[in-house]
Amino acid sequence: MKKMKYLLTLMFAFSMVLAGCGSYNTSSQSAKSTPATQAKNAPKPLDKPVDIKFGYPTQGASMLPLWVAKDKGIFEKYGVNAELIYIASTPKVQETLNSGAIEVGLTGIDPVGKAKAAGIDTVIISAVADRNAMYVYGQKGADKKDLANELKGKTIITGAEGSLYDYLTLSFIKDNGLTPKKDVKLIYMTGEGDRTGAFIKGDGDFYVVAPPTSFKMDDMGFQQLYDFKQKEILSSGIGMKKDFYKKNPELAEILVASLIEANAYILNNKEETIKIISKWTGIDDPKLAEKTYDVNVDTIPQKPYVTDNSAQFFLDNSNNEEVRKMKPSDIVDMSIVKKLDESGFIEGLYKK
């Protein structure tokens, strides 16, 4: 029954995306009032409020800056009425962005590269996080001290092909001296509930998972074998089609500034942020929500630059030959982050 409700919810979300296909409208309503104050050297609010559809790829807490910017009125303060739409996986977000059904999406380096190779120019203008609170779990009895032998000939359950989950899984296998899909089989599944159910049933020997589901793995006695937080890898970034970006530079700057303000809010307001985590993830256990906050807060950057190293990781490992030939500068534009950084805007958010 729960699975059916999930499918109905997902179908509804996609119907909402399609209903707004191809539109970027000036709102006839004023931006909502908010207690948020204007930070020093912040971008000016838009002259007229605008409506946008903003796609995001996971229901995990890595999306926290986006949820905070929405719930704390940061978007509205700048004149942006953002409708947040869950679209499972960064490749699907990019596909929806390509179609024009959303104006902005949290997407990844490889999906943007593949869109560019297909003639659709997209640009990532800010990171969301440069570390990932994600883990590899094994079935009970897995030997953490000898992962290479444990992995060989086995199966890992991960997210959609081309997603962050996929790339982290590939890197984990390679780091243990093995060849993906040859030495280790991959099972790709988009829904976290489906992945978790399959792992618990024993359909896979290993499972790549994020909080709060990872806490359930702990409670059930599954062993955490690897923590991806030690790797500098872009989880997702704010992406726009390049022509839209060029036509709307003020909006682009406001969206980056909004998520930077949200990052500062997360670091400075733990209790309120925990409430937002509970709302968006459905966690009804306060202790579990707090634990989710604690493991994710270290992934939140004050200055959300996309480094060449974090982007190059995806380019080097892409299964698309054209993408492998690209440079980070073909996909990433950090001019807005740099402008906000050099203006003193970011530092001002953290001064007591």
# chains A, B, ... in the order shown; residues from 1 in each chain; ligands from 1
>>> residues_around(residues="Gly55 of chain A", least_positions_apart="2", cutoff="8 Å", atoms="only C-alpha atoms", output="ChimeraX atom specification")
/A:53,57,84-87,93,102,104-106
>>> write_last_selection(atoms="C-alpha atoms", output="compact mmCIF listing (two decimals), in the first residue's frame")
# COMPACT_ATOMS: atom_id res chain seq x y z
CA LYS A 53 9.90 25.53 -11.31
CA PRO A 57 16.91 14.84 -7.57
CA LEU A 84 10.17 22.79 -5.80
CA ILE A 85 9.59 19.59 -7.77
CA TYR A 86 11.08 16.21 -6.87
CA ILE A 87 12.37 14.38 -9.97
CA VAL A 93 16.34 16.42 -13.63
CA ILE A 102 11.51 23.40 -15.43
CA VAL A 104 16.23 25.47 -12.91
CA GLY A 105 17.40 22.13 -11.58
CA LEU A 106 19.92 20.60 -9.23
>>> select_by_dssp(residues="segment 84-188 of chain A", states="strand (DSSP E)", output="PyMOL selection string")
chain A and resi 84-86+104-107+122-129+135-138+155-158+185-188
>>> select_by_dssp(residues="segment 79-229 of chain A", states="alpha helix (DSSP H)", output="PyMOL selection string")
chain A and resi 90-99+109-117+147-151+164-175+192-201+213-219
>>> residues_around(residues="Gln312 of chain A", least_positions_apart="6", cutoff="12 Å", atoms="only C-alpha atoms", output="PDB file with C-alpha atoms, in the first residue's frame")
ATOM      1  CA  GLY A 108      25.249  16.894 -12.136  1.00  0.00           C
ATOM      2  CA  ILE A 109      28.376  17.230 -14.249  1.00  0.00           C
ATOM      3  CA  ASP A 110      27.791  14.128 -16.372  1.00  0.00           C
ATOM      4  CA  GLY A 113      27.988  17.078 -20.303  1.00  0.00           C
ATOM      5  CA  GLU A 232      35.682  15.739  -2.671  1.00  0.00           C
ATOM      6  CA  ILE A 233      32.922  15.086  -5.196  1.00  0.00           C
ATOM      7  CA  LEU A 234      30.153  17.454  -6.275  1.00  0.00           C
ATOM      8  CA  VAL A 306      32.687  23.789  -7.948  1.00  0.00           C
ATOM      9  CA  SER A 318      31.739   9.283 -17.956  1.00  0.00           C
ATOM     10  CA  VAL A 323      32.006  14.074 -22.255  1.00  0.00           C
ATOM     11  CA  ARG A 324      35.375  12.547 -21.342  1.00  0.00           C
ATOM     12  CA  LYS A 325      37.022  15.061 -23.691  1.00  0.00           C
ATOM     13  CA  MET A 326      35.377  18.056 -22.011  1.00  0.00           C
ATOM     14  CA  LYS A 327      36.968  20.384 -19.457  1.00  0.00           C
ATOM     15  CA  PRO A 328      35.296  21.645 -16.265  1.00  0.00           C
ATOM     16  CA  SER A 329      35.132  25.119 -17.837  1.00  0.00           C
ATOM     17  CA  ASP A 330      32.908  23.707 -20.613  1.00  0.00           C
ATOM     18  CA  ILE A 331      30.234  22.973 -18.024  1.00  0.00           C
ATOM     19  CA  VAL A 332      30.866  25.129 -14.958  1.00  0.00           C
TER      20      VAL A 332
END
>>> closest_residue(among="A:Lys116, A:Lys303, A:Lys338, A:Lys145", to="Gln224 of chain A", atoms="only C-alpha atoms")
A:Lys145
>>> residues_around(residues="Gly141 of chain A", least_positions_apart="4", cutoff="12 Å", atoms="only C-alpha atoms", output="NGL selection string")
:A and (137 or 145-146 or 150 or 205-206 or 221-225)
>>> write_last_selection(atoms="N, CA and C atoms", output="short mmCIF file (atom, residue, chain, number, x, y, z; two decimals), in the first residue's frame")
data_model
loop_
_atom_site.label_atom_id
_atom_site.label_comp_id
_atom_site.auth_asym_id
_atom_site.auth_seq_id
_atom_site.Cartn_x
_atom_site.Cartn_y
_atom_site.Cartn_z
N TYR A 137 26.92 -0.15 2.51
CA TYR A 137 26.60 -1.17 3.51
C TYR A 137 26.70 -2.55 2.89
N LYS A 145 37.66 -5.55 6.37
CA LYS A 145 39.12 -5.50 6.25
C LYS A 145 39.62 -6.04 4.91
N ASP A 146 38.77 -6.72 4.17
CA ASP A 146 39.21 -7.32 2.90
C ASP A 146 38.14 -7.08 1.84
N GLU A 150 35.83 -9.36 -0.84
CA GLU A 150 34.40 -9.37 -0.54
C GLU A 150 33.57 -8.94 -1.74
N ASP A 205 24.39 -7.82 -2.56
CA ASP A 205 25.32 -8.06 -1.45
C ASP A 205 25.73 -6.76 -0.77
N PHE A 206 25.70 -5.66 -1.53
CA PHE A 206 26.10 -4.35 -1.01
C PHE A 206 25.07 -3.31 -1.44
N GLY A 221 21.27 -3.94 11.93
CA GLY A 221 22.47 -4.76 12.09
C GLY A 221 23.32 -4.94 10.85
N PHE A 222 23.02 -4.16 9.78
CA PHE A 222 23.88 -4.22 8.60
C PHE A 222 25.14 -3.40 8.85
N GLN A 223 26.23 -3.81 8.25
CA GLN A 223 27.51 -3.17 8.55
C GLN A 223 27.85 -2.08 7.55
N GLN A 224 28.22 -0.90 8.07
CA GLN A 224 28.72 0.16 7.20
C GLN A 224 30.17 -0.14 6.85
N LEU A 225 30.45 -0.19 5.55
CA LEU A 225 31.77 -0.59 5.08
C LEU A 225 32.61 0.58 4.57
#
>>> residues_around(residues="Asp227 of chain A", least_positions_apart="6", cutoff="12 Å", atoms="only C-alpha atoms", output="PDB file with C-alpha atoms, in the first residue's frame")
ATOM      1  CA  ARG A 131      31.045  16.308   0.211  1.00  0.00           C
ATOM      2  CA  ASN A 132      28.521  13.491   0.366  1.00  0.00           C
ATOM      3  CA  ALA A 133      26.940  11.888   3.407  1.00  0.00           C
ATOM      4  CA  MET A 134      26.584   8.525   1.684  1.00  0.00           C
ATOM      5  CA  TYR A 135      27.788   5.071   2.602  1.00  0.00           C
ATOM      6  CA  VAL A 136      28.289   1.505   1.419  1.00  0.00           C
ATOM      7  CA  TYR A 137      26.600  -1.173   3.511  1.00  0.00           C
ATOM      8  CA  LYS A 144      35.378  -4.730   6.089  1.00  0.00           C
ATOM      9  CA  LEU A 168      30.261   6.898  -6.239  1.00  0.00           C
ATOM     10  CA  THR A 169      29.659   3.180  -6.692  1.00  0.00           C
ATOM     11  CA  PHE A 172      34.327   2.546  -4.773  1.00  0.00           C
ATOM     12  CA  VAL A 208      24.929   2.510  -1.534  1.00  0.00           C
ATOM     13  CA  VAL A 209      22.670   4.590   0.700  1.00  0.00           C
ATOM     14  CA  ALA A 210      22.287   8.032   2.302  1.00  0.00           C
ATOM     15  CA  PRO A 211      20.802   9.180   5.637  1.00  0.00           C
ATOM     16  CA  SER A 214      21.444   4.518   6.507  1.00  0.00           C
ATOM     17  CA  VAL A 295      25.857  13.950   9.484  1.00  0.00           C
TER      18      VAL A 295
END
>>> closest_residue(among="A:Ser258, A:Ala88, A:Tyr226, A:Leu315", to="Lys114 of chain A", atoms="only C-alpha atoms")
A:Leu315
>>> residues_around(residues="Tyr167 of chain A", least_positions_apart="2", cutoff="10 Å", atoms="only C-alpha atoms", output="PyMOL selection string")
chain A and resi 110+158-165+169-173+233+313-314+317-318
>>> write_last_selection(atoms="N, CA and C atoms", output="compact mmCIF listing (two decimals), in the first residue's frame")
# COMPACT_ATOMS: atom_id res chain seq x y z
N ASP A 110 27.96 15.04 -15.24
CA ASP A 110 27.79 14.13 -16.37
C ASP A 110 26.50 14.38 -17.13
N THR A 158 22.50 0.22 -6.36
CA THR A 158 22.77 1.65 -6.37
C THR A 158 21.65 2.40 -7.10
N GLY A 159 21.82 3.72 -7.24
CA GLY A 159 20.79 4.54 -7.88
C GLY A 159 20.83 4.46 -9.40
N ALA A 160 20.14 5.39 -10.04
CA ALA A 160 20.01 5.38 -11.50
C ALA A 160 21.36 5.49 -12.19
N GLU A 161 21.50 4.85 -13.32
CA GLU A 161 22.74 4.92 -14.09
C GLU A 161 22.99 6.37 -14.50
N GLY A 162 24.22 6.84 -14.25
CA GLY A 162 24.58 8.22 -14.55
C GLY A 162 24.33 9.17 -13.40
N SER A 163 23.76 8.68 -12.30
CA SER A 163 23.48 9.51 -11.13
C SER A 163 24.71 9.58 -10.24
N LEU A 164 24.65 10.44 -9.22
CA LEU A 164 25.73 10.51 -8.24
C LEU A 164 25.96 9.16 -7.59
N TYR A 165 24.88 8.46 -7.25
CA TYR A 165 25.00 7.14 -6.64
C TYR A 165 25.84 6.22 -7.54
N THR A 169 29.52 4.63 -6.67
CA THR A 169 29.66 3.18 -6.69
C THR A 169 30.82 2.76 -7.59
N LEU A 170 30.91 3.35 -8.76
CA LEU A 170 32.00 3.03 -9.68
C LEU A 170 33.36 3.34 -9.06
N SER A 171 33.45 4.50 -8.39
CA SER A 171 34.73 4.88 -7.77
C SER A 171 35.09 3.93 -6.65
N PHE A 172 34.10 3.49 -5.87
CA PHE A 172 34.33 2.55 -4.77
C PHE A 172 34.89 1.23 -5.30
N ILE A 173 34.31 0.74 -6.38
CA ILE A 173 34.78 -0.52 -6.97
C ILE A 173 36.21 -0.36 -7.51
N ILE A 233 33.70 15.36 -3.99
CA ILE A 233 32.92 15.09 -5.20
C ILE A 233 31.63 15.90 -5.15
N PHE A 313 36.34 14.55 -11.84
CA PHE A 313 36.01 13.17 -11.44
C PHE A 313 34.92 12.59 -12.33
N PHE A 314 33.88 13.38 -12.58
CA PHE A 314 32.76 12.91 -13.39
C PHE A 314 33.13 12.86 -14.87
N ASN A 317 35.19 9.75 -15.63
CA ASN A 317 34.50 8.47 -15.47
C ASN A 317 33.22 8.35 -16.29
N SER A 318 32.96 9.34 -17.15
CA SER A 318 31.74 9.28 -17.96
C SER A 318 31.79 8.12 -18.94
>>> closest_residue(among="A:Thr299, A:Asp333, A:Ile346, A:Ala264", to="Lys246 of chain A", atoms="only C-alpha atoms")
A:Asp333
>>> atom_distance(atom1="atom CA of Lys216 of chain A", atom2="atom CA of Leu151 of chain A")
22.5 Å
>>> residues_around(residues="Ile187 of chain A", least_positions_apart="6", cutoff="8 Å", atoms="only C-alpha atoms", output="ChimeraX atom specification")
/A:155-158,204
>>> decode(residues="segment 100-113 of chain A", atoms="N, CA and C atoms", output="JSON list (two decimals), in the first residue's frame")
[["chain", "number", "residue", "atom", "x", "y", "z"],
["A", 100, "GLY", "N", 12.44, 21.92, -21.08],
["A", 100, "GLY", "CA", 11.84, 23.21, -20.78],
["A", 100, "GLY", "C", 10.72, 23.14, -19.76],
["A", 101, "ALA", "N", 10.49, 21.97, -19.17],
["A", 101, "ALA", "CA", 9.42, 21.82, -18.19],
["A", 101, "ALA", "C", 9.77, 22.45, -16.85],
["A", 102, "ILE", "N", 11.05, 22.65, -16.60],
["A", 102, "ILE", "CA", 11.51, 23.40, -15.43],
["A", 102, "ILE", "C", 12.54, 24.41, -15.91],
["A", 103, "GLU", "N", 12.69, 25.50, -15.15],
["A", 103, "GLU", "CA", 13.67, 26.53, -15.52],
["A", 103, "GLU", "C", 15.03, 26.30, -14.87],
["A", 104, "VAL", "N", 15.01, 25.67, -13.69],
["A", 104, "VAL", "CA", 16.23, 25.47, -12.91],
["A", 104, "VAL", "C", 16.20, 24.07, -12.32],
["A", 105, "GLY", "N", 17.37, 23.45, -12.20],
["A", 105, "GLY", "CA", 17.40, 22.13, -11.58],
["A", 105, "GLY", "C", 18.72, 21.87, -10.89],
["A", 106, "LEU", "N", 18.69, 21.06, -9.85],
["A", 106, "LEU", "CA", 19.92, 20.60, -9.23],
["A", 106, "LEU", "C", 20.36, 19.37, -10.00],
["A", 107, "THR", "N", 21.40, 19.53, -10.79],
["A", 107, "THR", "CA", 21.84, 18.51, -11.72],
["A", 107, "THR", "C", 23.32, 18.19, -11.49],
["A", 108, "GLY", "N", 23.87, 17.34, -12.32],
["A", 108, "GLY", "CA", 25.25, 16.89, -12.14],
["A", 108, "GLY", "C", 26.11, 17.14, -13.36],
["A", 109, "ILE", "N", 27.41, 16.97, -13.18],
["A", 109, "ILE", "CA", 28.38, 17.23, -14.25],
["A", 109, "ILE", "C", 28.13, 16.34, -15.46],
["A", 110, "ASP", "N", 27.96, 15.04, -15.24],
["A", 110, "ASP", "CA", 27.79, 14.13, -16.37],
["A", 110, "ASP", "C", 26.50, 14.38, -17.13],
["A", 111, "PRO", "N", 25.34, 14.54, -16.47],
["A", 111, "PRO", "CA", 24.13, 14.86, -17.22],
["A", 111, "PRO", "C", 24.25, 16.15, -18.04],
["A", 112, "VAL", "N", 24.91, 17.17, -17.46],
["A", 112, "VAL", "CA", 25.11, 18.42, -18.20],
["A", 112, "VAL", "C", 26.01, 18.18, -19.41],
["A", 113, "GLY", "N", 27.08, 17.39, -19.20],
["A", 113, "GLY", "CA", 27.99, 17.08, -20.30],
["A", 113, "GLY", "C", 27.29, 16.33, -21.42]]
